[in-house]
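S.K.: I have a structure here, written as structure tokens, and I will follow up with some questions on it.
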Amino acid sequence: MVLVGLTGGVATGKSTVARLFKHCGAVIIDADELARDVVQPGRPAWREIVSLFGKGILNTDRTLNRQALGTLVFADTYKLRRLEHIIHPRVARQQITLAKDAGQKDPRAVVIYDVPLLFEAGIDKRVDKIIVITADRETQIARLKKRNGLTRAEALRRIKNQMPLARKREHADYVLDGRLDPTSLAAQVSMIFQELHSRMPSDKKPEKEAHLRDT
């Protein structure tokens with residue numbers, strides 16, 4: 001099994017690339033999905049977050065209002081780090097379990113861990129390869145305004161709360177441009193997937209057994 005960290009800046013196109021890898025046959029683990037799971041109402045992380053930020057960040061069904069919480073933490077680095085301290089360890093435990101399960105089911109699986117804060121959370125130290133998705137800042141801002149309804153100032157705060165893309169590129173094994181047209185992006189993803197898969201040991205018979213078969 002090969003565990004690949006898929007990261008980049010906010011709104012650079014990570015989710016699109018993850019879907020393309022899934023189409024190629026990779027196993028996808030989505031950090032955002034895990035984060036939503038660990039903060040379901042009544043769970044330990046949910047209780048800690050409500051205790052820290054108050055009930056004003058809850059929807060009527062007691063789920064977290066992600067937009068309200070985001071407005072609070074992205075305007076205050078200290079609050080953001082406290083939130084990450086609650087969520088990240090729990091997400092990490094789930095990711096490790098899911099990756100092990102994937103490896104047991106298929107020892108030659110290509111597992112893609114889609115995680116925005118790969119470097120910031122130190123996850124880069126426990127993956128085999130790193131793929132960084134890039135886009136220029138204006139593209140990121142435009143996507144955040146359209147996707148999340150953010151103002152330009154809010155979008156910039158979210159971008160600046162992450163490690164600069166230039167630094168992430170320096171540590172990448174592969175770099176993909178998230179602005180590419182779908183066909184070109186799919187072709188590059190397919191090429192990377194095949195390369196990752198081909199570098200894993202093939203399922204060969206032991207040499208002695210092969211010799212006996214030939215005699």
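Chain labels follow the order of the structure tokens: the first chain is A, the next B, and so on; residue numbering restarts at 1 in every chain, and ligands are counted from 1 in their shown order.
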Give me, as a VMD selection string, all polymer residues having an atom no more than 12 Å from Glu195 of chain A, counting only C-alpha atoms and skipping those fewer than 2 positions away in the same chain.
M.R.: chain A and resid 2 24 110 129 173 to 174 188 to 193 197 to 200
S.K.: Just the residues within 8 Å of Met163 of chain A, please, counting only C-alpha atoms, with nothing from its chain fewer than 2 positions along; format it as a PyMOL selection string.
M.R.: chain A and resi 9+119-120+160-161+165+167-168
S.K.: Taking the DSSP assignment computed from this structure's backbone, write out as JSON, numbers by chain all residues of segment 70-204 of chain A that belong to alpha helix (DSSP H).
M.R.: {"A": [70, 71, 72, 73, 77, 78, 79, 80, 81, 82, 83, 84, 85, 86, 87, 88, 89, 90, 91, 92, 93, 94, 95, 96, 97, 98, 99, 100, 101, 102, 103, 104, 105, 137, 138, 139, 140, 141, 142, 143, 144, 145, 146, 147, 148, 152, 153, 154, 155, 156, 157, 158, 159, 160, 165, 166, 167, 168, 169, 170, 182, 183, 184, 185, 186, 187, 188, 189, 190, 191, 192, 193, 194, 195, 196, 197, 198]}
S.K.: Kindly export the residues of the current selection with C-alpha atoms, as a PDB file, in the first residue's frame.
M.R.:
```pdb
ATOM      1  CA  GLY A  70     -15.259  29.852  10.703  1.00  0.00           C
ATOM      2  CA  THR A  71     -15.982  33.551  11.122  1.00  0.00           C
ATOM      3  CA  LEU A  72     -14.822  33.316  14.744  1.00  0.00           C
ATOM      4  CA  VAL A  73     -11.657  31.299  14.309  1.00  0.00           C
ATOM      5  CA  THR A  77      -5.320  32.689  15.251  1.00  0.00           C
ATOM      6  CA  TYR A  78      -5.366  31.623  18.911  1.00  0.00           C
ATOM      7  CA  LYS A  79      -8.966  30.395  18.641  1.00  0.00           C
ATOM      8  CA  LEU A  80      -8.174  28.633  15.367  1.00  0.00           C
ATOM      9  CA  ARG A  81      -5.277  26.744  16.947  1.00  0.00           C
ATOM     10  CA  ARG A  82      -7.456  25.708  19.901  1.00  0.00           C
ATOM     11  CA  LEU A  83     -10.089  24.377  17.518  1.00  0.00           C
ATOM     12  CA  GLU A  84      -7.453  22.466  15.555  1.00  0.00           C
ATOM     13  CA  HIS A  85      -6.107  20.992  18.796  1.00  0.00           C
ATOM     14  CA  ILE A  86      -9.556  19.538  19.500  1.00  0.00           C
ATOM     15  CA  ILE A  87     -10.221  18.170  16.024  1.00  0.00           C
ATOM     16  CA  HIS A  88      -6.879  17.128  14.512  1.00  0.00           C
ATOM     17  CA  PRO A  89      -5.884  14.284  16.890  1.00  0.00           C
ATOM     18  CA  ARG A  90      -9.285  12.643  16.497  1.00  0.00           C
ATOM     19  CA  VAL A  91      -9.191  12.955  12.724  1.00  0.00           C
ATOM     20  CA  ALA A  92      -5.661  11.504  12.691  1.00  0.00           C
ATOM     21  CA  ARG A  93      -6.762   8.415  14.601  1.00  0.00           C
ATOM     22  CA  GLN A  94      -9.610   7.783  12.162  1.00  0.00           C
ATOM     23  CA  GLN A  95      -7.349   8.299   9.148  1.00  0.00           C
ATOM     24  CA  ILE A  96      -4.778   5.814  10.424  1.00  0.00           C
ATOM     25  CA  THR A  97      -7.477   3.206  11.018  1.00  0.00           C
ATOM     26  CA  LEU A  98      -9.014   3.694   7.566  1.00  0.00           C
ATOM     27  CA  ALA A  99      -5.631   3.501   5.841  1.00  0.00           C
ATOM     28  CA  LYS A 100      -4.774   0.263   7.660  1.00  0.00           C
ATOM     29  CA  ASP A 101      -8.129  -1.207   6.673  1.00  0.00           C
ATOM     30  CA  ALA A 102      -7.523  -0.278   3.029  1.00  0.00           C
ATOM     31  CA  GLY A 103      -4.097  -1.900   3.117  1.00  0.00           C
ATOM     32  CA  GLN A 104      -5.482  -5.104   4.601  1.00  0.00           C
ATOM     33  CA  LYS A 105      -8.144  -5.335   1.908  1.00  0.00           C
ATOM     34  CA  ARG A 137      -4.366  33.737  -5.368  1.00  0.00           C
ATOM     35  CA  GLU A 138      -7.010  35.509  -7.445  1.00  0.00           C
ATOM     36  CA  THR A 139      -8.446  32.151  -8.485  1.00  0.00           C
ATOM     37  CA  GLN A 140      -8.569  31.069  -4.835  1.00  0.00           C
ATOM     38  CA  ILE A 141     -10.329  34.285  -3.840  1.00  0.00           C
ATOM     39  CA  ALA A 142     -12.867  34.031  -6.662  1.00  0.00           C
ATOM     40  CA  ARG A 143     -13.667  30.416  -5.767  1.00  0.00           C
ATOM     41  CA  LEU A 144     -14.044  31.189  -2.060  1.00  0.00           C
ATOM     42  CA  LYS A 145     -16.359  34.110  -2.795  1.00  0.00           C
ATOM     43  CA  LYS A 146     -18.507  31.936  -5.050  1.00  0.00           C
ATOM     44  CA  ARG A 147     -18.383  28.708  -3.038  1.00  0.00           C
ATOM     45  CA  ASN A 148     -18.482  30.041   0.515  1.00  0.00           C
ATOM     46  CA  ARG A 152     -12.467  39.324  -0.363  1.00  0.00           C
ATOM     47  CA  ALA A 153     -11.068  40.165   3.080  1.00  0.00           C
ATOM     48  CA  GLU A 154     -12.465  36.948   4.591  1.00  0.00           C
ATOM     49  CA  ALA A 155     -11.083  34.896   1.711  1.00  0.00           C
ATOM     50  CA  LEU A 156      -7.644  36.431   2.151  1.00  0.00           C
ATOM     51  CA  ARG A 157      -7.668  35.661   5.882  1.00  0.00           C
ATOM     52  CA  ARG A 158      -8.343  31.988   5.148  1.00  0.00           C
ATOM     53  CA  ILE A 159      -5.615  31.830   2.527  1.00  0.00           C
ATOM     54  CA  LYS A 160      -3.072  33.504   4.812  1.00  0.00           C
ATOM     55  CA  LEU A 165       1.757  27.470  -1.663  1.00  0.00           C
ATOM     56  CA  ALA A 166       5.338  28.204  -2.747  1.00  0.00           C
ATOM     57  CA  ARG A 167       6.647  26.452   0.383  1.00  0.00           C
ATOM     58  CA  LYS A 168       4.324  23.488  -0.107  1.00  0.00           C
ATOM     59  CA  ARG A 169       5.549  23.061  -3.674  1.00  0.00           C
ATOM     60  CA  GLU A 170       9.125  22.743  -2.391  1.00  0.00           C
ATOM     61  CA  PRO A 182     -10.874  18.772 -16.851  1.00  0.00           C
ATOM     62  CA  THR A 183      -9.403  16.648 -19.652  1.00  0.00           C
ATOM     63  CA  SER A 184      -5.806  17.760 -19.055  1.00  0.00           C
ATOM     64  CA  LEU A 185      -6.144  17.410 -15.288  1.00  0.00           C
ATOM     65  CA  ALA A 186      -7.630  13.905 -15.607  1.00  0.00           C
ATOM     66  CA  ALA A 187      -4.748  12.859 -17.872  1.00  0.00           C
ATOM     67  CA  GLN A 188      -2.137  14.052 -15.371  1.00  0.00           C
ATOM     68  CA  VAL A 189      -3.935  12.351 -12.461  1.00  0.00           C
ATOM     69  CA  SER A 190      -4.087   9.080 -14.415  1.00  0.00           C
ATOM     70  CA  MET A 191      -0.369   9.271 -15.164  1.00  0.00           C
ATOM     71  CA  ILE A 192       0.487   9.845 -11.486  1.00  0.00           C
ATOM     72  CA  PHE A 193      -1.811   7.021 -10.377  1.00  0.00           C
ATOM     73  CA  GLN A 194      -0.172   4.584 -12.786  1.00  0.00           C
ATOM     74  CA  GLU A 195       3.272   5.642 -11.628  1.00  0.00           C
ATOM     75  CA  LEU A 196       2.369   5.207  -7.959  1.00  0.00           C
ATOM     76  CA  HIS A 197       0.845   1.807  -8.641  1.00  0.00           C
ATOM     77  CA  SER A 198       3.723   0.586 -10.790  1.00  0.00           C
TER      78      SER A 198
END
```
S.K.: Report, in Å to a single decimal, how far apart atom CA of Gly178 of chain A and atom CA of Thr12 of chain A are.
M.R.: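 Pair atom CA of Thr12 of chain A / atom CA of Gly178 of chain A returns 5.5 Å.
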S.K.: Need to verify the contact set: Pro116 of chain A, 8 Å, only C-alpha atoms, exclusion of same-chain residues closer than 4 positions in sequence. Can you return it as a list in words?
M.R.: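 In the requested form, the answer reads Leu6, Thr7, Gly8, Gly9, Val10 and Ala31 of chain A.
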S.K.: Limited to C-alpha atoms, could you put the picked residues into a file as a PDB file, in the first residue's frame?
M.R.:
```pdb
ATOM      1  CA  LEU A   6      -3.059  15.297  -1.294  1.00  0.00           C
ATOM      2  CA  THR A   7      -2.939  18.940  -0.293  1.00  0.00           C
ATOM      3  CA  GLY A   8      -2.655  22.505  -1.545  1.00  0.00           C
ATOM      4  CA  GLY A   9      -4.160  25.857  -0.713  1.00  0.00           C
ATOM      5  CA  VAL A  10      -7.791  26.465   0.103  1.00  0.00           C
ATOM      6  CA  ALA A  31     -10.034  14.843   6.118  1.00  0.00           C
TER       7      ALA A  31
END
```
S.K.: Could you pull out all residues of segment 6-193 of chain A with a DSSP call of strand (DSSP E or B) and give them as a PyMOL selection string?
M.R.: chain A and resi 6-8+27-30+58+64+110-114+129-134+174-177
S.K.: Those residues with N, CA and C atoms, as a PDB file, in the first residue's frame please?
M.R.:
```
ATOM      1  N   LEU A   6      -2.596  14.365  -0.260  1.00  0.00           N
ATOM      2  CA  LEU A   6      -3.059  15.297  -1.294  1.00  0.00           C
ATOM      3  C   LEU A   6      -3.411  16.611  -0.618  1.00  0.00           C
ATOM      4  N   THR A   7      -2.718  17.667  -0.972  1.00  0.00           N
ATOM      5  CA  THR A   7      -2.939  18.940  -0.293  1.00  0.00           C
ATOM      6  C   THR A   7      -2.765  20.094  -1.270  1.00  0.00           C
ATOM      7  N   GLY A   8      -2.779  21.292  -0.746  1.00  0.00           N
ATOM      8  CA  GLY A   8      -2.655  22.505  -1.545  1.00  0.00           C
ATOM      9  C   GLY A   8      -3.204  23.657  -0.742  1.00  0.00           C
ATOM     10  N   VAL A  27      -8.175   4.634  -3.288  1.00  0.00           N
ATOM     11  CA  VAL A  27      -9.018   4.752  -2.095  1.00  0.00           C
ATOM     12  C   VAL A  27      -8.854   6.174  -1.570  1.00  0.00           C
ATOM     13  N   ILE A  28      -9.964   6.877  -1.361  1.00  0.00           N
ATOM     14  CA  ILE A  28      -9.906   8.268  -0.914  1.00  0.00           C
ATOM     15  C   ILE A  28     -10.315   8.380   0.546  1.00  0.00           C
ATOM     16  N   ILE A  29      -9.481   9.043   1.325  1.00  0.00           N
ATOM     17  CA  ILE A  29      -9.824   9.402   2.705  1.00  0.00           C
ATOM     18  C   ILE A  29      -9.875  10.919   2.758  1.00  0.00           C
ATOM     19  N   ASP A  30     -11.023  11.451   3.102  1.00  0.00           N
ATOM     20  CA  ASP A  30     -11.256  12.895   3.079  1.00  0.00           C
ATOM     21  C   ASP A  30     -11.193  13.455   4.499  1.00  0.00           C
ATOM     22  N   LEU A  58     -24.071  26.961  17.140  1.00  0.00           N
ATOM     23  CA  LEU A  58     -24.869  25.783  16.806  1.00  0.00           C
ATOM     24  C   LEU A  58     -26.053  26.143  15.908  1.00  0.00           C
ATOM     25  N   LEU A  64     -22.866  21.844  14.332  1.00  0.00           N
ATOM     26  CA  LEU A  64     -22.065  23.057  14.312  1.00  0.00           C
ATOM     27  C   LEU A  64     -22.406  23.893  13.085  1.00  0.00           C
ATOM     28  N   VAL A 110      -3.611   2.188  -3.624  1.00  0.00           N
ATOM     29  CA  VAL A 110      -3.130   3.570  -3.605  1.00  0.00           C
ATOM     30  C   VAL A 110      -4.149   4.350  -2.781  1.00  0.00           C
ATOM     31  N   VAL A 111      -3.736   4.790  -1.612  1.00  0.00           N
ATOM     32  CA  VAL A 111      -4.636   5.498  -0.695  1.00  0.00           C
ATOM     33  C   VAL A 111      -4.302   6.983  -0.739  1.00  0.00           C
ATOM     34  N   ILE A 112      -5.284   7.784  -1.114  1.00  0.00           N
ATOM     35  CA  ILE A 112      -5.109   9.232  -1.201  1.00  0.00           C
ATOM     36  C   ILE A 112      -5.756   9.881   0.017  1.00  0.00           C
ATOM     37  N   TYR A 113      -4.951  10.558   0.812  1.00  0.00           N
ATOM     38  CA  TYR A 113      -5.478  11.282   1.969  1.00  0.00           C
ATOM     39  C   TYR A 113      -5.599  12.747   1.602  1.00  0.00           C
ATOM     40  N   ASP A 114      -6.824  13.184   1.355  1.00  0.00           N
ATOM     41  CA  ASP A 114      -7.133  14.560   0.974  1.00  0.00           C
ATOM     42  C   ASP A 114      -7.196  15.405   2.234  1.00  0.00           C
ATOM     43  N   LYS A 129       4.125   9.700  -0.206  1.00  0.00           N
ATOM     44  CA  LYS A 129       4.288  10.667  -1.291  1.00  0.00           C
ATOM     45  C   LYS A 129       3.371  11.858  -1.035  1.00  0.00           C
ATOM     46  N   ILE A 130       3.719  12.993  -1.647  1.00  0.00           N
ATOM     47  CA  ILE A 130       2.938  14.213  -1.455  1.00  0.00           C
ATOM     48  C   ILE A 130       2.586  14.821  -2.805  1.00  0.00           C
ATOM     49  N   ILE A 131       1.299  15.125  -2.982  1.00  0.00           N
ATOM     50  CA  ILE A 131       0.822  15.820  -4.168  1.00  0.00           C
ATOM     51  C   ILE A 131       0.288  17.177  -3.730  1.00  0.00           C
ATOM     52  N   VAL A 132       0.770  18.236  -4.344  1.00  0.00           N
ATOM     53  CA  VAL A 132       0.312  19.585  -4.022  1.00  0.00           C
ATOM     54  C   VAL A 132      -0.462  20.148  -5.214  1.00  0.00           C
ATOM     55  N   ILE A 133      -1.671  20.655  -4.946  1.00  0.00           N
ATOM     56  CA  ILE A 133      -2.506  21.282  -5.962  1.00  0.00           C
ATOM     57  C   ILE A 133      -2.364  22.791  -5.810  1.00  0.00           C
ATOM     58  N   THR A 134      -2.073  23.467  -6.915  1.00  0.00           N
ATOM     59  CA  THR A 134      -1.830  24.902  -6.854  1.00  0.00           C
ATOM     60  C   THR A 134      -2.847  25.683  -7.684  1.00  0.00           C
ATOM     61  N   TYR A 174       4.805  15.589  -6.392  1.00  0.00           N
ATOM     62  CA  TYR A 174       4.075  15.927  -7.610  1.00  0.00           C
ATOM     63  C   TYR A 174       3.345  17.254  -7.383  1.00  0.00           C
ATOM     64  N   VAL A 175       3.297  18.072  -8.432  1.00  0.00           N
ATOM     65  CA  VAL A 175       2.551  19.335  -8.371  1.00  0.00           C
ATOM     66  C   VAL A 175       1.570  19.364  -9.534  1.00  0.00           C
ATOM     67  N   LEU A 176       0.303  19.662  -9.223  1.00  0.00           N
ATOM     68  CA  LEU A 176      -0.735  19.765 -10.242  1.00  0.00           C
ATOM     69  C   LEU A 176      -1.344  21.157 -10.203  1.00  0.00           C
ATOM     70  N   ASP A 177      -1.640  21.687 -11.374  1.00  0.00           N
ATOM     71  CA  ASP A 177      -2.272  22.998 -11.481  1.00  0.00           C
ATOM     72  C   ASP A 177      -3.786  22.817 -11.452  1.00  0.00           C
TER      73      ASP A 177
END
```
S.K.: Which is closest to Val39 of chain A among A:Lys125, A:Arg108, A:Lys14, A:Arg62, if we use only C-alpha atoms?
M.R.: A:Arg62
S.K.: Between A:Val38, A:Leu3, A:Val17, A:Leu180, which is the closest to Ala109 of chain A once you count only C-alpha atoms?
M.R.: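 The shortest atom-to-atom distance to Ala109 of chain A comes from A:Leu3.
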S.K.: I'd like the contact shell of Gln67 of chain A - 10 Å cut-off, only C-alpha atoms, skipping same-chain residues fewer than 6 positions apart - returned as a list of chain:residue names.
M.R.: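 Everything that qualifies: A:Ile57, A:Asn148, A:Gly149, A:Leu150.
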S.K.: With only C-alpha atoms as the atoms that count, which of A:Ile49, A:Leu118, A:Ala11, A:Ala135 lies nearest to His171 of chain A?
M.R.: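 Under the stated criterion, the closest residue is A:Leu118.
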S.K.: If you measure from atom CA of Gly122 of chain A to atom CA of Ser15 of chain A, what distance in Å do you get, rounded to one decimal?
M.R.: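 Computing the Euclidean distance for atom CA of Gly122 of chain A and atom CA of Ser15 of chain A yields 20.5 Å.
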